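Structure file target26.cif; described as mmCIF, N, CA and C atoms.
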data_upload
#
loop_
_atom_site.label_atom_id
_atom_site.label_comp_id
_atom_site.auth_asym_id
_atom_site.auth_seq_id
_atom_site.Cartn_x
_atom_site.Cartn_y
_atom_site.Cartn_z
N MET A 160 -37.65 -39.97 28.93
CA MET A 160 -38.03 -38.59 29.06
C MET A 160 -36.80 -37.68 29.10
N ASN A 161 -35.74 -38.13 29.85
CA ASN A 161 -34.52 -37.34 29.94
C ASN A 161 -33.85 -37.17 28.57
N LYS A 162 -33.88 -38.25 27.75
CA LYS A 162 -33.28 -38.17 26.43
C LYS A 162 -34.02 -37.15 25.57
N LEU A 163 -35.32 -37.08 25.68
CA LEU A 163 -36.13 -36.13 24.92
C LEU A 163 -35.80 -34.70 25.34
N ILE A 164 -35.68 -34.44 26.62
CA ILE A 164 -35.35 -33.10 27.13
C ILE A 164 -33.95 -32.70 26.66
N ILE A 165 -33.00 -33.62 26.73
CA ILE A 165 -31.63 -33.34 26.28
C ILE A 165 -31.63 -33.03 24.79
N ALA A 166 -32.37 -33.80 24.01
CA ALA A 166 -32.44 -33.58 22.56
C ALA A 166 -33.06 -32.21 22.26
N ILE A 167 -34.10 -31.84 22.97
CA ILE A 167 -34.74 -30.53 22.77
C ILE A 167 -33.78 -29.40 23.13
N VAL A 168 -33.06 -29.56 24.23
CA VAL A 168 -32.10 -28.53 24.65
C VAL A 168 -30.99 -28.38 23.61
N VAL A 169 -30.47 -29.51 23.12
CA VAL A 169 -29.40 -29.47 22.12
C VAL A 169 -29.90 -28.83 20.83
N LEU A 170 -31.09 -29.21 20.38
CA LEU A 170 -31.65 -28.62 19.16
C LEU A 170 -31.93 -27.13 19.34
N ALA A 171 -32.41 -26.74 20.49
CA ALA A 171 -32.68 -25.33 20.76
C ALA A 171 -31.37 -24.53 20.76
N ALA A 172 -30.33 -25.09 21.37
CA ALA A 172 -29.03 -24.41 21.40
C ALA A 172 -28.47 -24.27 19.99
N ALA A 173 -28.57 -25.35 19.19
CA ALA A 173 -28.08 -25.29 17.81
C ALA A 173 -28.87 -24.26 16.99
N GLY A 174 -30.17 -24.24 17.18
CA GLY A 174 -31.00 -23.26 16.47
C GLY A 174 -30.67 -21.83 16.88
N LEU A 175 -30.43 -21.61 18.15
CA LEU A 175 -30.07 -20.28 18.65
C LEU A 175 -28.73 -19.84 18.08
N MET A 176 -27.77 -20.76 18.02
CA MET A 176 -26.47 -20.42 17.45
C MET A 176 -26.60 -20.09 15.97
N TRP A 177 -27.40 -20.84 15.23
CA TRP A 177 -27.58 -20.61 13.81
C TRP A 177 -28.21 -19.25 13.54
N VAL A 178 -29.15 -18.86 14.37
CA VAL A 178 -29.84 -17.58 14.20
C VAL A 178 -28.94 -16.40 14.58
N THR A 179 -28.14 -16.55 15.62
CA THR A 179 -27.34 -15.43 16.11
C THR A 179 -26.01 -15.25 15.41
N LEU A 180 -25.46 -16.29 14.78
CA LEU A 180 -24.19 -16.13 14.07
C LEU A 180 -24.42 -15.33 12.80
N PRO A 181 -23.57 -14.34 12.53
CA PRO A 181 -23.75 -13.55 11.31
C PRO A 181 -23.36 -14.36 10.08
N THR A 182 -23.97 -13.99 8.95
CA THR A 182 -23.62 -14.64 7.70
C THR A 182 -22.29 -14.07 7.22
N PRO A 183 -21.57 -14.77 6.34
CA PRO A 183 -20.30 -14.22 5.85
C PRO A 183 -20.46 -12.86 5.18
N GLU A 184 -21.57 -12.65 4.45
CA GLU A 184 -21.79 -11.36 3.80
C GLU A 184 -21.96 -10.25 4.82
N ALA A 185 -22.71 -10.52 5.85
CA ALA A 185 -22.95 -9.51 6.89
C ALA A 185 -21.65 -9.20 7.62
N THR A 186 -20.85 -10.22 7.87
CA THR A 186 -19.58 -10.01 8.54
C THR A 186 -18.68 -9.15 7.67
N ALA A 187 -18.61 -9.44 6.38
CA ALA A 187 -17.75 -8.67 5.48
C ALA A 187 -18.21 -7.22 5.40
N LEU A 188 -19.50 -7.01 5.34
CA LEU A 188 -20.02 -5.64 5.26
C LEU A 188 -19.71 -4.86 6.52
N GLY A 189 -19.75 -5.50 7.65
CA GLY A 189 -19.48 -4.81 8.90
C GLY A 189 -18.00 -4.59 9.15
N CYS A 190 -17.14 -5.25 8.39
CA CYS A 190 -15.70 -5.17 8.61
C CYS A 190 -15.02 -4.08 7.79
N ILE A 191 -15.63 -3.65 6.71
CA ILE A 191 -14.99 -2.68 5.81
C ILE A 191 -15.23 -1.26 6.34
N ARG A 192 -14.13 -0.54 6.50
CA ARG A 192 -14.19 0.86 6.93
C ARG A 192 -13.45 1.72 5.93
N CYS A 193 -13.86 2.96 5.82
CA CYS A 193 -13.22 3.93 4.94
C CYS A 193 -12.38 4.85 5.83
N VAL A 194 -11.05 4.70 5.76
CA VAL A 194 -10.17 5.45 6.65
C VAL A 194 -9.33 6.45 5.84
N PRO A 195 -8.86 7.51 6.47
CA PRO A 195 -8.02 8.47 5.75
C PRO A 195 -6.79 7.78 5.17
N GLY A 196 -6.50 8.11 3.91
CA GLY A 196 -5.36 7.51 3.25
C GLY A 196 -4.23 8.49 3.10
N GLY A 197 -4.51 9.65 2.55
CA GLY A 197 -3.46 10.64 2.34
C GLY A 197 -3.82 11.61 1.24
N GLU A 198 -2.79 12.21 0.69
CA GLU A 198 -2.96 13.21 -0.36
C GLU A 198 -1.83 13.04 -1.36
N THR A 199 -2.15 13.04 -2.64
CA THR A 199 -1.13 12.88 -3.67
C THR A 199 -0.37 14.19 -3.86
N PRO A 200 0.80 14.11 -4.45
CA PRO A 200 1.44 15.36 -4.85
C PRO A 200 0.65 15.96 -6.02
N PRO A 201 0.82 17.24 -6.30
CA PRO A 201 0.11 17.83 -7.44
C PRO A 201 0.51 17.16 -8.76
N ALA A 202 -0.45 17.01 -9.62
CA ALA A 202 -0.23 16.47 -10.96
C ALA A 202 -0.87 17.42 -11.96
N TRP A 203 -0.25 17.59 -13.08
CA TRP A 203 -0.81 18.51 -14.06
C TRP A 203 -1.38 17.75 -15.25
N GLY A 204 -2.31 18.39 -15.90
CA GLY A 204 -2.91 17.82 -17.09
C GLY A 204 -3.10 18.91 -18.12
N MET A 205 -3.14 18.51 -19.38
CA MET A 205 -3.39 19.48 -20.42
C MET A 205 -4.42 18.92 -21.39
N GLY A 206 -5.04 19.82 -22.13
CA GLY A 206 -6.05 19.42 -23.09
C GLY A 206 -6.45 20.58 -23.97
N SER A 207 -7.25 20.28 -24.96
CA SER A 207 -7.67 21.30 -25.92
C SER A 207 -8.72 22.24 -25.33
N THR A 208 -9.32 21.82 -24.21
CA THR A 208 -10.28 22.70 -23.51
C THR A 208 -9.90 22.73 -22.03
N CYS A 209 -10.47 23.67 -21.34
CA CYS A 209 -10.22 23.78 -19.90
C CYS A 209 -10.68 22.50 -19.19
N GLN A 210 -11.88 22.03 -19.50
CA GLN A 210 -12.40 20.82 -18.84
C GLN A 210 -11.55 19.61 -19.15
N ALA A 211 -11.05 19.51 -20.39
CA ALA A 211 -10.19 18.38 -20.75
C ALA A 211 -8.90 18.40 -19.93
N SER A 212 -8.36 19.58 -19.69
CA SER A 212 -7.13 19.67 -18.89
C SER A 212 -7.40 19.32 -17.43
N ILE A 213 -8.56 19.71 -16.91
CA ILE A 213 -8.94 19.36 -15.54
C ILE A 213 -9.10 17.84 -15.41
N ASP A 214 -9.81 17.23 -16.36
CA ASP A 214 -10.02 15.78 -16.34
C ASP A 214 -8.69 15.04 -16.41
N ASP A 215 -7.76 15.53 -17.25
CA ASP A 215 -6.45 14.91 -17.39
C ASP A 215 -5.65 15.04 -16.10
N ALA A 216 -5.70 16.21 -15.48
CA ALA A 216 -4.97 16.43 -14.23
C ALA A 216 -5.50 15.53 -13.11
N ILE A 217 -6.81 15.41 -13.02
CA ILE A 217 -7.41 14.55 -11.99
C ILE A 217 -7.05 13.09 -12.23
N ALA A 218 -7.07 12.66 -13.50
CA ALA A 218 -6.69 11.27 -13.82
C ALA A 218 -5.22 11.03 -13.48
N ASN A 219 -4.37 12.00 -13.78
CA ASN A 219 -2.94 11.84 -13.48
C ASN A 219 -2.70 11.82 -11.97
N ALA A 220 -3.43 12.64 -11.22
CA ALA A 220 -3.29 12.64 -9.76
C ALA A 220 -3.82 11.33 -9.17
N SER A 221 -4.92 10.82 -9.70
CA SER A 221 -5.49 9.55 -9.20
C SER A 221 -4.51 8.41 -9.41
N ALA A 222 -3.73 8.48 -10.49
CA ALA A 222 -2.75 7.43 -10.77
C ALA A 222 -1.62 7.42 -9.74
N LEU A 223 -1.48 8.49 -8.97
CA LEU A 223 -0.43 8.58 -7.95
C LEU A 223 -0.86 7.97 -6.61
N ILE A 224 -2.12 7.56 -6.49
CA ILE A 224 -2.58 6.90 -5.26
C ILE A 224 -1.93 5.52 -5.18
N PRO A 225 -1.34 5.17 -4.05
CA PRO A 225 -0.66 3.87 -3.95
C PRO A 225 -1.58 2.70 -4.31
N ALA A 226 -1.02 1.73 -4.99
CA ALA A 226 -1.79 0.55 -5.42
C ALA A 226 -2.32 -0.24 -4.22
N SER A 227 -1.69 -0.08 -3.07
CA SER A 227 -2.13 -0.82 -1.88
C SER A 227 -3.43 -0.26 -1.30
N CYS A 228 -3.87 0.88 -1.80
CA CYS A 228 -5.10 1.52 -1.29
C CYS A 228 -6.24 1.28 -2.27
N THR A 229 -7.27 0.58 -1.80
CA THR A 229 -8.51 0.49 -2.57
C THR A 229 -9.33 1.71 -2.15
N THR A 230 -9.44 2.68 -3.04
CA THR A 230 -10.04 3.95 -2.64
C THR A 230 -11.55 3.82 -2.45
N CYS A 231 -12.03 4.47 -1.42
CA CYS A 231 -13.47 4.52 -1.18
C CYS A 231 -13.95 5.97 -1.30
N LEU A 232 -13.02 6.91 -1.42
CA LEU A 232 -13.39 8.31 -1.61
C LEU A 232 -12.19 9.06 -2.16
N GLU A 233 -12.42 9.84 -3.22
CA GLU A 233 -11.39 10.70 -3.79
C GLU A 233 -11.94 12.11 -3.86
N THR A 234 -11.17 13.08 -3.39
CA THR A 234 -11.57 14.48 -3.44
C THR A 234 -10.52 15.26 -4.22
N PRO A 235 -10.84 15.68 -5.46
CA PRO A 235 -9.88 16.49 -6.21
C PRO A 235 -9.74 17.88 -5.60
N ILE A 236 -8.49 18.35 -5.54
CA ILE A 236 -8.21 19.68 -4.98
C ILE A 236 -7.45 20.48 -6.04
N GLU A 237 -8.01 21.61 -6.42
CA GLU A 237 -7.37 22.46 -7.42
C GLU A 237 -6.11 23.09 -6.84
N VAL A 238 -5.00 22.97 -7.56
CA VAL A 238 -3.74 23.57 -7.14
C VAL A 238 -3.48 24.83 -7.96
N THR A 239 -3.56 24.69 -9.28
CA THR A 239 -3.43 25.83 -10.19
C THR A 239 -4.68 25.88 -11.04
N PRO A 240 -5.36 27.00 -11.07
CA PRO A 240 -6.59 27.08 -11.88
C PRO A 240 -6.30 26.79 -13.36
N CYS A 241 -7.31 26.32 -14.03
CA CYS A 241 -7.21 26.06 -15.45
C CYS A 241 -6.80 27.37 -16.16
N HIS A 242 -5.82 27.26 -17.06
CA HIS A 242 -5.34 28.45 -17.77
C HIS A 242 -4.72 28.03 -19.10
N LEU A 243 -4.60 28.98 -20.00
CA LEU A 243 -3.92 28.71 -21.27
C LEU A 243 -2.44 28.55 -20.98
N CYS A 244 -1.84 27.53 -21.58
CA CYS A 244 -0.41 27.30 -21.37
C CYS A 244 0.38 28.54 -21.78
N GLY A 245 1.38 28.82 -20.98
CA GLY A 245 2.21 30.00 -21.21
C GLY A 245 1.94 31.09 -20.20
N ALA A 246 0.85 30.96 -19.44
CA ALA A 246 0.50 31.97 -18.44
C ALA A 246 1.39 31.86 -17.20
N TYR A 247 1.92 30.68 -16.93
CA TYR A 247 2.80 30.45 -15.78
C TYR A 247 4.18 30.06 -16.29
N PRO A 248 5.24 30.46 -15.61
CA PRO A 248 6.59 30.14 -16.08
C PRO A 248 6.92 28.64 -16.10
N ASP A 249 6.23 27.84 -15.28
CA ASP A 249 6.54 26.40 -15.27
C ASP A 249 5.71 25.60 -16.27
N ASP A 250 4.93 26.27 -17.12
CA ASP A 250 4.20 25.56 -18.17
C ASP A 250 5.19 24.95 -19.15
N PRO A 251 5.04 23.66 -19.46
CA PRO A 251 6.00 23.02 -20.37
C PRO A 251 5.90 23.58 -21.79
N PRO A 252 7.01 23.64 -22.49
CA PRO A 252 7.00 24.16 -23.86
C PRO A 252 6.05 23.41 -24.79
N SER A 253 5.92 22.09 -24.59
CA SER A 253 5.01 21.31 -25.45
C SER A 253 3.57 21.78 -25.31
N CYS A 254 3.19 22.16 -24.10
CA CYS A 254 1.83 22.65 -23.84
C CYS A 254 1.65 24.04 -24.46
N THR A 255 2.66 24.89 -24.28
CA THR A 255 2.59 26.25 -24.80
C THR A 255 2.55 26.25 -26.33
N SER A 256 3.41 25.44 -26.95
CA SER A 256 3.46 25.40 -28.42
C SER A 256 2.18 24.82 -29.02
N ALA A 257 1.52 23.93 -28.28
CA ALA A 257 0.27 23.35 -28.77
C ALA A 257 -0.92 24.26 -28.51
N ASN A 258 -0.67 25.35 -27.78
CA ASN A 258 -1.73 26.30 -27.41
C ASN A 258 -2.85 25.59 -26.65
N ASN A 259 -2.44 24.68 -25.74
CA ASN A 259 -3.39 23.91 -24.94
C ASN A 259 -3.69 24.60 -23.62
N TRP A 260 -4.66 24.02 -22.92
CA TRP A 260 -5.01 24.45 -21.57
C TRP A 260 -4.26 23.58 -20.58
N ARG A 261 -4.05 24.10 -19.39
CA ARG A 261 -3.38 23.34 -18.33
C ARG A 261 -4.11 23.55 -17.01
N ALA A 262 -4.11 22.49 -16.19
CA ALA A 262 -4.65 22.56 -14.82
C ALA A 262 -3.81 21.66 -13.94
N ASP A 263 -3.70 22.01 -12.67
CA ASP A 263 -2.95 21.22 -11.69
C ASP A 263 -3.91 20.83 -10.56
N TYR A 264 -3.91 19.54 -10.25
CA TYR A 264 -4.78 19.02 -9.18
C TYR A 264 -4.01 18.02 -8.33
N LYS A 265 -4.44 17.89 -7.09
CA LYS A 265 -3.99 16.80 -6.24
C LYS A 265 -5.26 16.12 -5.72
N ILE A 266 -5.11 14.94 -5.19
CA ILE A 266 -6.26 14.16 -4.73
C ILE A 266 -6.09 13.83 -3.26
N LYS A 267 -7.09 14.15 -2.47
CA LYS A 267 -7.15 13.65 -1.08
C LYS A 267 -7.97 12.37 -1.17
N TYR A 268 -7.45 11.29 -0.60
CA TYR A 268 -8.13 10.02 -0.75
C TYR A 268 -8.28 9.29 0.57
N ARG A 269 -9.26 8.39 0.59
CA ARG A 269 -9.51 7.51 1.73
C ARG A 269 -9.43 6.08 1.21
N CYS A 270 -9.01 5.16 2.07
CA CYS A 270 -8.80 3.76 1.68
C CYS A 270 -9.77 2.83 2.44
N GLU A 271 -10.15 1.77 1.75
CA GLU A 271 -10.94 0.72 2.40
C GLU A 271 -10.01 -0.13 3.27
N VAL A 272 -10.43 -0.41 4.48
CA VAL A 272 -9.66 -1.27 5.38
C VAL A 272 -10.61 -2.28 5.99
N ASN A 273 -10.18 -3.55 6.00
CA ASN A 273 -10.95 -4.61 6.63
C ASN A 273 -10.49 -4.70 8.08
N ILE A 274 -11.30 -4.22 9.01
CA ILE A 274 -10.90 -4.19 10.42
C ILE A 274 -11.06 -5.55 11.10
N CYS A 275 -11.63 -6.52 10.40
CA CYS A 275 -11.85 -7.83 11.00
C CYS A 275 -10.71 -8.79 10.70
N GLN A 276 -9.73 -8.37 9.95
CA GLN A 276 -8.62 -9.28 9.63
C GLN A 276 -7.57 -9.23 10.70
#
Any chance you could put this one into structure tokens?
Amino acid sequence: MNKLIIAIVVLAAAGLMWVTLPTPEATALGCIRCVPGGETPPAWGMGSTCQASIDDAIANASALIPASCTTCLETPIEVTPCHLCGAYPDDPPSCTSANNWRADYKIKYRCEVNICQ
């Protein structure tokens, strides 16, 4: 009778541990946090349209995010409004001669961090 009670207690304890221990997927999901990362320096972009220059500027700013940061959020911030090249003194000659549009953006970003490591 004692062996049966001991076996039941051991099986119940093992079952309780199996039910209460989190799965690896659940543990991983609970460990990832999105924390402030920083802000890139301004990057400029140019294109044949205003939207193309904005897209280019945002892509160039995103490329300045450190490779060590797996981004979980990027917020583009306009630095210089979209304009025809030549409107500002720091517009490059290549942009002005091509009669392109220019925009300047920086990116505020957040990084994924595994807090369980």
| query | What's the 7 Å shell around segment 224-232 of chain A, counting only C-alpha atoms, without same-chain residues fewer than 3 positions away, as a list in words? | reply | Cys193, Thr199, Ser221, Tyr268, Arg269, Cys270 and Glu271 of chain A
Just-selected residues, N, CA and C atoms written as an mmCIF file, keeping the file's coordinate frame:
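Result file is result.cif:
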data_model
loop_
_atom_site.group_PDB
_atom_site.id
_atom_site.type_symbol
_atom_site.label_atom_id
_atom_site.label_comp_id
_atom_site.auth_asym_id
_atom_site.auth_seq_id
_atom_site.Cartn_x
_atom_site.Cartn_y
_atom_site.Cartn_z
ATOM 1 N N CYS A 193 -13.860 2.960 5.820
ATOM 2 C CA CYS A 193 -13.220 3.930 4.940
ATOM 3 C C CYS A 193 -12.380 4.850 5.830
ATOM 4 N N THR A 199 -2.150 13.040 -2.640
ATOM 5 C CA THR A 199 -1.130 12.880 -3.670
ATOM 6 C C THR A 199 -0.370 14.190 -3.860
ATOM 7 N N SER A 221 -4.920 10.820 -9.700
ATOM 8 C CA SER A 221 -5.490 9.550 -9.200
ATOM 9 C C SER A 221 -4.510 8.410 -9.410
ATOM 10 N N TYR A 268 -7.450 11.290 -0.600
ATOM 11 C CA TYR A 268 -8.130 10.020 -0.750
ATOM 12 C C TYR A 268 -8.280 9.290 0.570
ATOM 13 N N ARG A 269 -9.260 8.390 0.590
ATOM 14 C CA ARG A 269 -9.510 7.510 1.730
ATOM 15 C C ARG A 269 -9.430 6.080 1.210
ATOM 16 N N CYS A 270 -9.010 5.160 2.070
ATOM 17 C CA CYS A 270 -8.800 3.760 1.680
ATOM 18 C C CYS A 270 -9.770 2.830 2.440
ATOM 19 N N GLU A 271 -10.150 1.770 1.750
ATOM 20 C CA GLU A 271 -10.940 0.720 2.400
ATOM 21 C C GLU A 271 -10.010 -0.130 3.270
#
| task | Have a look at atom CA of Asn273 of chain A and atom CA of Asn219 of chain A and let me know their distance in Å, one decimal. | result |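 Going from atom CA of Asn273 of chain A over to atom CA of Asn219 of chain A covers 27.2 Å.
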| field | Test item: residues at most 8 Å from Ala216 of chain A, only C-alpha atoms, excluding those fewer than 6 positions along its chain, as number ranges by chain | value | A: 202-205, 262-264
| said: Just list as a PyMOL selection string whatever in segment 175-276 of chain A DSSP marks as alpha helix (DSSP H). | reply: chain A and resi 175-179+183-190+209-221+252-256
| Evaluating the PyMOL selection byres (((chain A and resi 243 and name CA) around 10) and name CA) on the displayed file yields which residues, as a list in words? |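 With the shown file as input, the PyMOL selection byres (((chain A and resi 243 and name CA) around 10) and name CA) matches Met205, Gly206, Ser207, Thr208, Cys209, Ser212, Pro240, Cys241, His242, Cys244, Gly245, Ala246, Tyr247, Asp250, Cys254, Thr255, Asn258, Asn259, Trp260, Arg261 and Ala262 of chain A.
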| message | If I take atom N of Ala218 of chain A and atom CA of Ile236 of chain A, how far is one from the other in Å, to one decimal? | response | 11.1 Å
| Residue with smallest distance to Val272 of chain A - pool A:Asp214, A:Ser256, A:Gly189, A:Val194, counting only C-alpha atoms | A:Val194
| request: Record the distance separating atom N of Glu233 of chain A and atom CA of Arg192 of chain A, expressed in Å with one decimal. | output: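 Taking atom N of Glu233 of chain A as the start and atom CA of Arg192 of chain A as the end point, the length is 13.7 Å.
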| query | Of the candidates A:Pro201, A:Pro252, A:Pro195, A:Lys267, which one gets nearest to Thr239 of chain A if we count all atoms listed in the file? | reply | A:Pro201
